[in-house]
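**Q** Have a look at this one before I ask anything.
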Amino acid sequence: MKERTSPYPGIHPNFPLQNFSKDIQCIVNTLKREFFITSGSKIQVGASSEYEYILVEPTDEYRETFNLQKEIVILFSKYQTLQARTLDVFERINKTYSTLRLEKICGVLISNDPKIEHSLLNLTKSEPESQIIIPFIYSEFKGKVEVNFFINRFKKYLYDRDLFAFEAPLKKDLYFFGRNDLILTIIDRYKRGENSGLFGLRKTGKTSVIYGIERSLSRDGIVPVVIDCQNPSFNQKRWFQALYFICKETKARLKLNQVRLALENEFNEQNAASYTKTFFQRCKDSNQNDWPLFFIFDEIENISLKTSPCEHWSQGTDFIPFWQALRSIFEKNNNLISYLVVGTNPSCIEVPTIGNIDNPLFNHFTPLYIPGFQLNDTEDMVKKLGRPMGLKFEDTIYAKLTEDFGGHPFLIRHLCSFIHKEVHNRHKTVTVDKKLYQTAKTEFIKKFSNYLEMILLVVMKFYPDEYEMLIYLAKNEISTFNEMAEYHPSYTSHLIGYSLIKKGISGYDFQIDSVKEYLLMQNKYKRIGLTTEEKWEEISARRNRAEIKLRKIVKMQLRANTKNIDEAKQVMLDIFGGKRQYELSHLGYNDIFDPNKGEIYFLDLAKVISKKWEMFENIFSHSKKGTFEKLEFINKSRADAHAKDITEELFQYFRICMSDIEKDLEDLM
């Protein structure tokens, strides 16, 4: 396929310039020196508002700088005040043309509002998924336009926007990538009259997929009923009340006000299933299409066995009749309903019996797990979002991102966001090469290990044996991992399903390398069977790191709890007394804590903490006596370890003391 070439600035010979107002004709004559103007028209909004717009093709400079490959909408607003509906016009124009023709990331607004930049900021700050609108004012086109005027305005609005920093699920298509095949699979199952389950770790995009399903089905006039099982208004209800809740949501969501629904107090343990089936049938008869009613249960663990916060669900007393009712309606009434359950924990469909009763969801459908991004998905997302922001990733980085983060979109986005914050330059494009990427990745894992911990929380909480297996695999204790995998095949099926590990010809390995790095970092000091030299190395390294932090904390707390720096210094000197006091008295307060100038040691710091405990008691989680004893033993361990072999019992006690102190210091710094 021949590569498309960029046009030179200019205007298409068939462009209907005479159809536009005089003001806009003048502006177009300026714009044609920057872009290639292809077409334009007018659009009516409501009874009284009219807008004019043109489409322009970006030249090489814009394509290279911002990766803008398609035509850009330039909208003209002659009104003195920016209205919210003005931004809706961009969406209406987009729907007028082929989805492949227009640039969706950004648009240009040329307005008669003299405060357009301020007005636009107020209008878009509550819409994180909004298209980037680059504003200009009519008056800016009067007279000669400066060189780089347009491209600098583009840089101002594109380079300053962090398109990677999304925390909430994505509701629109604009910044949604890589899940279309999964969405089509679920929709295909629904249209074949099948039910589905979708599971994945936290922040893998499950709710964004639900929004994607809703958008896709809306094109066929199908409105799914989404039940948020995390909502206490739903999960606090008994099973028969929950069925009424679903019926009520269905009536509201499908706007079937005319369909009769029994009263809430009529939904009891004897009649709820029957009333629900009758109501669903009435809705189906009144609906405008022949598709079954589609229910999506999001955060399903909130009404599931063992995982629900409510006892009547977690103990199975309500889980069984609730799903018996829905499964019976599904199986006995052809094409009436279909449902999708979505969550982090698939245990609700894995248990064959509950007590002596068959689990109604067991083997009811084959679950789907949200897969990680493939290389092309990662490249598509990172390139389309990164280039407009001024980040140009070398081609090899896309593979590294996919490998290091297992195609986990949340982690990939947030690493790229971290890079943007670190190297952001609003005047030029920054190239992300191997060195920059590796440095940023290392810092990201250190600073944002809570992201990895949050993602692994499901495994830690509900599958502790599988979590231990991950630790064994990270530490290269392959034989132990393989023994557990062979004895419990379901363990590895969960880990593979969650895209945490993969199985190849040579055995199991991590799918997300950053998870391996995180686990090694978290379990660095849990190895057993260390040699004497390795014990010395661990004791020395951990003690030295703790000493650096203790110096900072003692210095900070003394200064914070005294009137001035001289008083803080005197408190420190009084604690030492005698010869030590004299040796340090000539130093300034800051120099006392400088290891190159003042000779204070680990045990000195421990004594200061003990003698001035009232200044430190809120920092350490143990008592004054307990904290000092731990600090004293940590200091003593180093000397003992270097003098002779340290017993395994003393070494493990050192680890306990050190871990407690490290936790206190980590919480503070």
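We label chains A, B, ... in the order they appear in the structure tokens, count residues from 1 in each chain, and number ligands from 1 in the order shown.
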Write out as a PyMOL selection string the residues lying within 10 Å of Met381 of chain A, counting only C-alpha atoms and excluding same-chain residues fewer than 6 positions away.

**A** chain A and resi 164+175-178+373+398+409+412-413

**Q** Using only C-alpha atoms, determine which residues lie at most 7 Å from segment 417-423 of chain A, disregarding the query and same-chain residues fewer than 5 positions distant; provide the list as a list in words.

**A**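 Selected residues are Asp162, Phe164, Ala165 and Ala440 of chain A.
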
**Q** Taking the DSSP secondary structure from the backbone, can you list the residues of segment 12-69 of chain A that are strand (DSSP E), as a list in words?

**A**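 DSSP-assigned strand (DSSP E) residues in segment 12-69 of chain A: Phe36, Ile37, Thr38, Ser39, Gly40, Ser41, Lys42, Ile43, Gln44, Val45, Ser49, Glu50, Tyr51, Glu52, Tyr53, Ile54, Leu55, Val56 and Glu57 of chain A.
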
**Q** Based on the backbone DSSP call, show me all residues of segment 387-431 of chain A assigned alpha helix (DSSP H), as a ChimeraX atom specification.

**A** /A:395-404,409-423

**Q** I'd like a table as a tab-separated table: residues in segment 236-334 of chain A with an atom no more than 10 Å from segment 209-216 of chain A, each row giving the shortest atom pair and its distance in Å to one decimal, only C-alpha atoms counted, sorted by chain and rising residue number.

**A**
residue	atom	partner	partner_atom	distance
A:Ile296	CA	A:Ile210	CA	8.0
A:Phe297	CA	A:Ile210	CA	9.8
A:Asp298	CA	A:Ile210	CA	8.4

**Q** From the list A:Glu403, A:Glu34, A:Asp188, A:Asp113, which residue is nearest Ser77 of chain A when using only C-alpha atoms?

**A** A:Asp113

**Q** Taking 5 positions as the minimum chain separation for residues in the same chain, which residues sit within 7 Å of Ser41 of chain A when counting only C-alpha atoms? Answer as a list of chain:residue names.

**A** A:Glu52, A:Tyr53, A:Ile54

**Q** Work out how far atom CA of Glu538 of chain A is from atom CA of Val608 of chain A, in Å to one decimal.

**A**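 Value for the atom CA of Val608 of chain A-atom CA of Glu538 of chain A distance: 25.4 Å.
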
**Q** Provide the atom CA of Leu603 of chain A to atom CA of Ile548 of chain A distance in Å, to one decimal place.

**A** 12.7 Å

**Q** Identify, on the basis of only C-alpha atoms, every residue whose closest approach to segment 14-24 of chain A does not exceed 12 Å; exclude the query and any residue fewer than 4 positions from it along the same chain; express the result as a PDB file with N, CA and C atoms, in the first residue's frame.

**A**
ATOM      1  N   GLY A  10      -2.520  25.198   1.533  1.00  0.00           N
ATOM      2  CA  GLY A  10      -3.282  25.699   0.387  1.00  0.00           C
ATOM      3  C   GLY A  10      -4.758  25.483   0.581  1.00  0.00           C
ATOM      4  N   VAL A  28      -9.956  32.146   6.777  1.00  0.00           N
ATOM      5  CA  VAL A  28      -9.596  31.035   5.900  1.00  0.00           C
ATOM      6  C   VAL A  28      -8.386  31.396   5.046  1.00  0.00           C
ATOM      7  N   ASN A  29      -8.336  32.616   4.589  1.00  0.00           N
ATOM      8  CA  ASN A  29      -7.202  33.049   3.771  1.00  0.00           C
ATOM      9  C   ASN A  29      -5.897  33.055   4.574  1.00  0.00           C
ATOM     10  N   THR A  30      -5.999  33.205   5.892  1.00  0.00           N
ATOM     11  CA  THR A  30      -4.814  33.083   6.746  1.00  0.00           C
ATOM     12  C   THR A  30      -4.485  31.610   6.991  1.00  0.00           C
ATOM     13  N   LEU A  31      -5.505  30.801   7.261  1.00  0.00           N
ATOM     14  CA  LEU A  31      -5.305  29.385   7.568  1.00  0.00           C
ATOM     15  C   LEU A  31      -4.733  28.604   6.389  1.00  0.00           C
ATOM     16  N   LYS A  32      -5.045  29.037   5.175  1.00  0.00           N
ATOM     17  CA  LYS A  32      -4.574  28.283   4.007  1.00  0.00           C
ATOM     18  C   LYS A  32      -3.058  28.383   3.833  1.00  0.00           C
ATOM     19  N   PHE A  36      -3.833  22.599   4.608  1.00  0.00           N
ATOM     20  CA  PHE A  36      -4.517  22.440   3.330  1.00  0.00           C
ATOM     21  C   PHE A  36      -6.011  22.304   3.615  1.00  0.00           C
ATOM     22  N   ILE A  37      -6.779  23.279   3.168  1.00  0.00           N
ATOM     23  CA  ILE A  37      -8.215  23.327   3.463  1.00  0.00           C
ATOM     24  C   ILE A  37      -8.960  22.514   2.416  1.00  0.00           C
ATOM     25  N   THR A  38      -9.720  21.517   2.872  1.00  0.00           N
ATOM     26  CA  THR A  38     -10.361  20.577   1.937  1.00  0.00           C
ATOM     27  C   THR A  38     -11.835  20.885   1.702  1.00  0.00           C
ATOM     28  N   SER A  39     -12.582  21.154   2.771  1.00  0.00           N
ATOM     29  CA  SER A  39     -14.028  21.355   2.610  1.00  0.00           C
ATOM     30  C   SER A  39     -14.575  22.090   3.819  1.00  0.00           C
ATOM     31  N   GLY A  40     -15.845  22.379   3.805  1.00  0.00           N
ATOM     32  CA  GLY A  40     -16.480  23.061   4.927  1.00  0.00           C
ATOM     33  C   GLY A  40     -17.964  23.195   4.703  1.00  0.00           C
ATOM     34  N   SER A  41     -18.668  23.601   5.764  1.00  0.00           N
ATOM     35  CA  SER A  41     -20.120  23.722   5.656  1.00  0.00           C
ATOM     36  C   SER A  41     -20.647  24.474   6.877  1.00  0.00           C
ATOM     37  N   LYS A  42     -21.974  24.511   6.989  1.00  0.00           N
ATOM     38  CA  LYS A  42     -22.648  25.099   8.148  1.00  0.00           C
ATOM     39  C   LYS A  42     -23.441  24.013   8.854  1.00  0.00           C
ATOM     40  N   GLU A  50     -26.339  28.785  14.758  1.00  0.00           N
ATOM     41  CA  GLU A  50     -25.716  28.275  13.535  1.00  0.00           C
ATOM     42  C   GLU A  50     -24.196  28.421  13.642  1.00  0.00           C
ATOM     43  N   TYR A  51     -23.498  27.380  13.230  1.00  0.00           N
ATOM     44  CA  TYR A  51     -22.039  27.385  13.257  1.00  0.00           C
ATOM     45  C   TYR A  51     -21.509  27.059  11.868  1.00  0.00           C
ATOM     46  N   GLU A  52     -20.338  27.586  11.579  1.00  0.00           N
ATOM     47  CA  GLU A  52     -19.639  27.259  10.342  1.00  0.00           C
ATOM     48  C   GLU A  52     -18.367  26.491  10.698  1.00  0.00           C
ATOM     49  N   TYR A  53     -17.950  25.613   9.808  1.00  0.00           N
ATOM     50  CA  TYR A  53     -16.735  24.845  10.076  1.00  0.00           C
ATOM     51  C   TYR A  53     -16.031  24.507   8.772  1.00  0.00           C
ATOM     52  N   ILE A  54     -14.744  24.228   8.888  1.00  0.00           N
ATOM     53  CA  ILE A  54     -13.970  23.744   7.755  1.00  0.00           C
ATOM     54  C   ILE A  54     -13.166  22.531   8.195  1.00  0.00           C
ATOM     55  N   LEU A  55     -12.734  21.735   7.222  1.00  0.00           N
ATOM     56  CA  LEU A  55     -11.842  20.608   7.471  1.00  0.00           C
ATOM     57  C   LEU A  55     -10.498  20.917   6.830  1.00  0.00           C
ATOM     58  N   VAL A  56      -9.426  20.654   7.586  1.00  0.00           N
ATOM     59  CA  VAL A  56      -8.090  20.924   7.053  1.00  0.00           C
ATOM     60  C   VAL A  56      -7.208  19.695   7.214  1.00  0.00           C
ATOM     61  N   ILE A  74     -12.062  22.527  12.172  1.00  0.00           N
ATOM     62  CA  ILE A  74     -11.929  23.888  12.700  1.00  0.00           C
ATOM     63  C   ILE A  74     -13.324  24.495  12.731  1.00  0.00           C
ATOM     64  N   LEU A  75     -13.798  24.757  13.921  1.00  0.00           N
ATOM     65  CA  LEU A  75     -15.163  25.247  14.120  1.00  0.00           C
ATOM     66  C   LEU A  75     -15.126  26.743  14.430  1.00  0.00           C
ATOM     67  N   PHE A  76     -16.066  27.482  13.820  1.00  0.00           N
ATOM     68  CA  PHE A  76     -16.159  28.926  14.049  1.00  0.00           C
ATOM     69  C   PHE A  76     -17.398  29.223  14.887  1.00  0.00           C
ATOM     70  N   SER A  77     -17.208  29.983  15.945  1.00  0.00           N
ATOM     71  CA  SER A  77     -18.326  30.406  16.797  1.00  0.00           C
ATOM     72  C   SER A  77     -18.356  31.931  16.827  1.00  0.00           C
ATOM     73  N   LYS A  78     -19.385  32.498  16.259  1.00  0.00           N
ATOM     74  CA  LYS A  78     -19.490  33.966  16.156  1.00  0.00           C
ATOM     75  C   LYS A  78     -20.032  34.595  17.435  1.00  0.00           C
ATOM     76  N   ILE A 110     -12.366  28.521  16.807  1.00  0.00           N
ATOM     77  CA  ILE A 110     -12.079  29.943  16.616  1.00  0.00           C
ATOM     78  C   ILE A 110     -13.341  30.698  17.017  1.00  0.00           C
ATOM     79  N   SER A 111     -13.235  31.487  18.075  1.00  0.00           N
ATOM     80  CA  SER A 111     -14.417  32.050  18.727  1.00  0.00           C
ATOM     81  C   SER A 111     -14.357  33.575  18.795  1.00  0.00           C
ATOM     82  N   ASN A 112     -15.530  34.153  18.937  1.00  0.00           N
ATOM     83  CA  ASN A 112     -15.648  35.600  19.149  1.00  0.00           C
ATOM     84  C   ASN A 112     -15.640  35.937  20.638  1.00  0.00           C
ATOM     85  N   ILE A 137      -9.001  33.252  18.927  1.00  0.00           N
ATOM     86  CA  ILE A 137      -9.997  34.330  18.945  1.00  0.00           C
ATOM     87  C   ILE A 137     -10.024  34.993  17.572  1.00  0.00           C
ATOM     88  N   TYR A 138     -11.195  35.383  17.120  1.00  0.00           N
ATOM     89  CA  TYR A 138     -11.337  36.054  15.822  1.00  0.00           C
ATOM     90  C   TYR A 138     -10.315  37.176  15.666  1.00  0.00           C
ATOM     91  N   SER A 139     -10.175  37.974  16.720  1.00  0.00           N
ATOM     92  CA  SER A 139      -9.325  39.167  16.636  1.00  0.00           C
ATOM     93  C   SER A 139      -7.850  38.828  16.414  1.00  0.00           C
ATOM     94  N   GLU A 140      -7.440  37.575  16.740  1.00  0.00           N
ATOM     95  CA  GLU A 140      -6.038  37.189  16.548  1.00  0.00           C
ATOM     96  C   GLU A 140      -5.670  37.076  15.072  1.00  0.00           C
ATOM     97  N   PHE A 141      -6.660  37.065  14.210  1.00  0.00           N
ATOM     98  CA  PHE A 141      -6.406  36.913  12.779  1.00  0.00           C
ATOM     99  C   PHE A 141      -6.412  38.249  12.041  1.00  0.00           C
ATOM    100  N   LYS A 142      -6.599  39.304  12.794  1.00  0.00           N
ATOM    101  CA  LYS A 142      -6.543  40.629  12.182  1.00  0.00           C
ATOM    102  C   LYS A 142      -5.095  41.096  12.139  1.00  0.00           C
TER     103      LYS A 142
END

**Q** Please list as JSON, numbers by chain every residue within 9 Å of Val458 of chain A, counting only C-alpha atoms and excluding residues in the same chain fewer than 2 positions away.

**A** {"A": [201, 202, 344, 345, 454, 455, 456, 460, 461, 462, 463]}

**Q** Those residues with C-alpha atoms, as a short mmCIF file (atom, residue, chain, number, x, y, z; two decimals), in the first residue's frame please?

**A**
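Resulting contents of part_4.cif:
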data_model
loop_
_atom_site.label_atom_id
_atom_site.label_comp_id
_atom_site.auth_asym_id
_atom_site.auth_seq_id
_atom_site.Cartn_x
_atom_site.Cartn_y
_atom_site.Cartn_z
CA LEU A 201 -7.44 -8.25 38.16
CA ARG A 202 -8.17 -4.76 39.41
CA THR A 344 -12.24 -9.88 39.98
CA ASN A 345 -12.99 -13.22 41.63
CA MET A 454 -3.48 -2.99 44.37
CA ILE A 455 -3.55 -5.15 41.24
CA LEU A 456 -2.27 -8.20 43.14
CA MET A 460 -3.26 -12.03 47.97
CA LYS A 461 -6.72 -11.89 49.56
CA PHE A 462 -8.60 -14.74 47.93
CA TYR A 463 -5.87 -17.00 46.57
#

**Q** Ranking A:His364, A:Ser585, A:His408, A:Lys434 by minimum distance to Thr396 of chain A and counting only C-alpha atoms, which one comes first?

**A** A:Lys434

**Q** May I ask which of the residues A:Leu385, A:Gln258, A:Leu361, A:Ala272 is the closest one to Gln131 of chain A, counting only C-alpha atoms?

**A**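 Among the listed residues, A:Leu385 lies closest to Gln131 of chain A.
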
**Q** What is the distance between atom CA of Ile634 of chain A and atom CA of Ile539 of chain A, in Å to one decimal?

**A**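 Interatomic distance, atom CA of Ile634 of chain A to atom CA of Ile539 of chain A: 8.1 Å.
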
**Q** Using only C-alpha atoms, which residues sit within 8 Å of Phe295 of chain A once same-chain residues fewer than 6 positions away are excluded, as an mmCIF file with N, CA, C and O atoms, in the first residue's frame?

**A**
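Written file, part19.cif:
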data_model
loop_
_atom_site.group_PDB
_atom_site.id
_atom_site.type_symbol
_atom_site.label_atom_id
_atom_site.label_comp_id
_atom_site.auth_asym_id
_atom_site.auth_seq_id
_atom_site.Cartn_x
_atom_site.Cartn_y
_atom_site.Cartn_z
ATOM 1 N N PRO A 224 -28.565 -2.469 27.566
ATOM 2 C CA PRO A 224 -28.367 -3.423 28.665
ATOM 3 C C PRO A 224 -28.687 -2.770 30.008
ATOM 4 O O PRO A 224 -28.559 -1.551 30.168
ATOM 5 N N VAL A 225 -29.071 -3.584 30.971
ATOM 6 C CA VAL A 225 -29.354 -3.102 32.328
ATOM 7 C C VAL A 225 -28.138 -3.457 33.182
ATOM 8 O O VAL A 225 -27.874 -4.634 33.441
ATOM 9 N N VAL A 226 -27.397 -2.439 33.590
ATOM 10 C CA VAL A 226 -26.176 -2.660 34.366
ATOM 11 C C VAL A 226 -26.499 -2.539 35.853
ATOM 12 O O VAL A 226 -27.013 -1.511 36.302
ATOM 13 N N ILE A 227 -26.206 -3.589 36.596
ATOM 14 C CA ILE A 227 -26.422 -3.611 38.040
ATOM 15 C C ILE A 227 -25.069 -3.518 38.734
ATOM 16 O O ILE A 227 -24.220 -4.402 38.575
ATOM 17 N N ILE A 337 -34.078 -13.626 28.515
ATOM 18 C CA ILE A 337 -33.012 -12.867 29.184
ATOM 19 C C ILE A 337 -31.654 -13.475 28.882
ATOM 20 O O ILE A 337 -31.545 -14.635 28.462
ATOM 21 N N SER A 338 -30.631 -12.684 29.114
ATOM 22 C CA SER A 338 -29.250 -13.138 29.086
ATOM 23 C C SER A 338 -28.493 -12.286 30.084
ATOM 24 O O SER A 338 -28.887 -11.153 30.359
ATOM 25 N N TYR A 339 -27.423 -12.830 30.667
ATOM 26 C CA TYR A 339 -26.695 -12.020 31.639
ATOM 27 C C TYR A 339 -25.192 -12.239 31.526
ATOM 28 O O TYR A 339 -24.710 -13.268 31.058
ATOM 29 N N LEU A 340 -24.488 -11.197 31.958
ATOM 30 C CA LEU A 340 -23.029 -11.183 32.014
ATOM 31 C C LEU A 340 -22.629 -10.828 33.437
ATOM 32 O O LEU A 340 -23.077 -9.814 33.966
#

**Q** Where does segment 406-486 of chain A meet segment 503-515 of chain A within 9 Å, residue by residue, with the nearest atom pair and distance in Å to one decimal for each, counting only C-alpha atoms, listed by chain and rising number, as CSV?

**A**
residue,atom,partner,partner_atom,distance
A:Gly406,CA,A:Ile512,CA,3.9
A:Gly407,CA,A:Ile512,CA,7.6
A:His408,CA,A:Ile512,CA,7.9
A:Lys441,CA,A:Ser514,CA,8.8
A:Ile445,CA,A:Ser514,CA,7.4
A:Leu452,CA,A:Val515,CA,6.7
A:Glu453,CA,A:Val515,CA,8.9
A:Leu456,CA,A:Val515,CA,8.5
A:Leu470,CA,A:Phe510,CA,8.5
A:Leu473,CA,A:Asp509,CA,7.4
A:Ala474,CA,A:Phe510,CA,8.0
A:Ile478,CA,A:Tyr508,CA,8.7
A:Asn482,CA,A:Tyr508,CA,8.6

**Q** With distances taken over only C-alpha atoms, which of A:Pro346, A:Phe240, A:Arg260, A:Phe593 is nearest to Thr317 of chain A?

**A**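 Answer, going by the shortest atom-to-atom distance: A:Phe240.
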
**Q** Of the candidates A:Val554, A:Ile320, A:Ala568, A:Val432, which one gets nearest to Ile349 of chain A if we count only C-alpha atoms?

**A**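 Among the listed residues, A:Ile320 lies closest to Ile349 of chain A.
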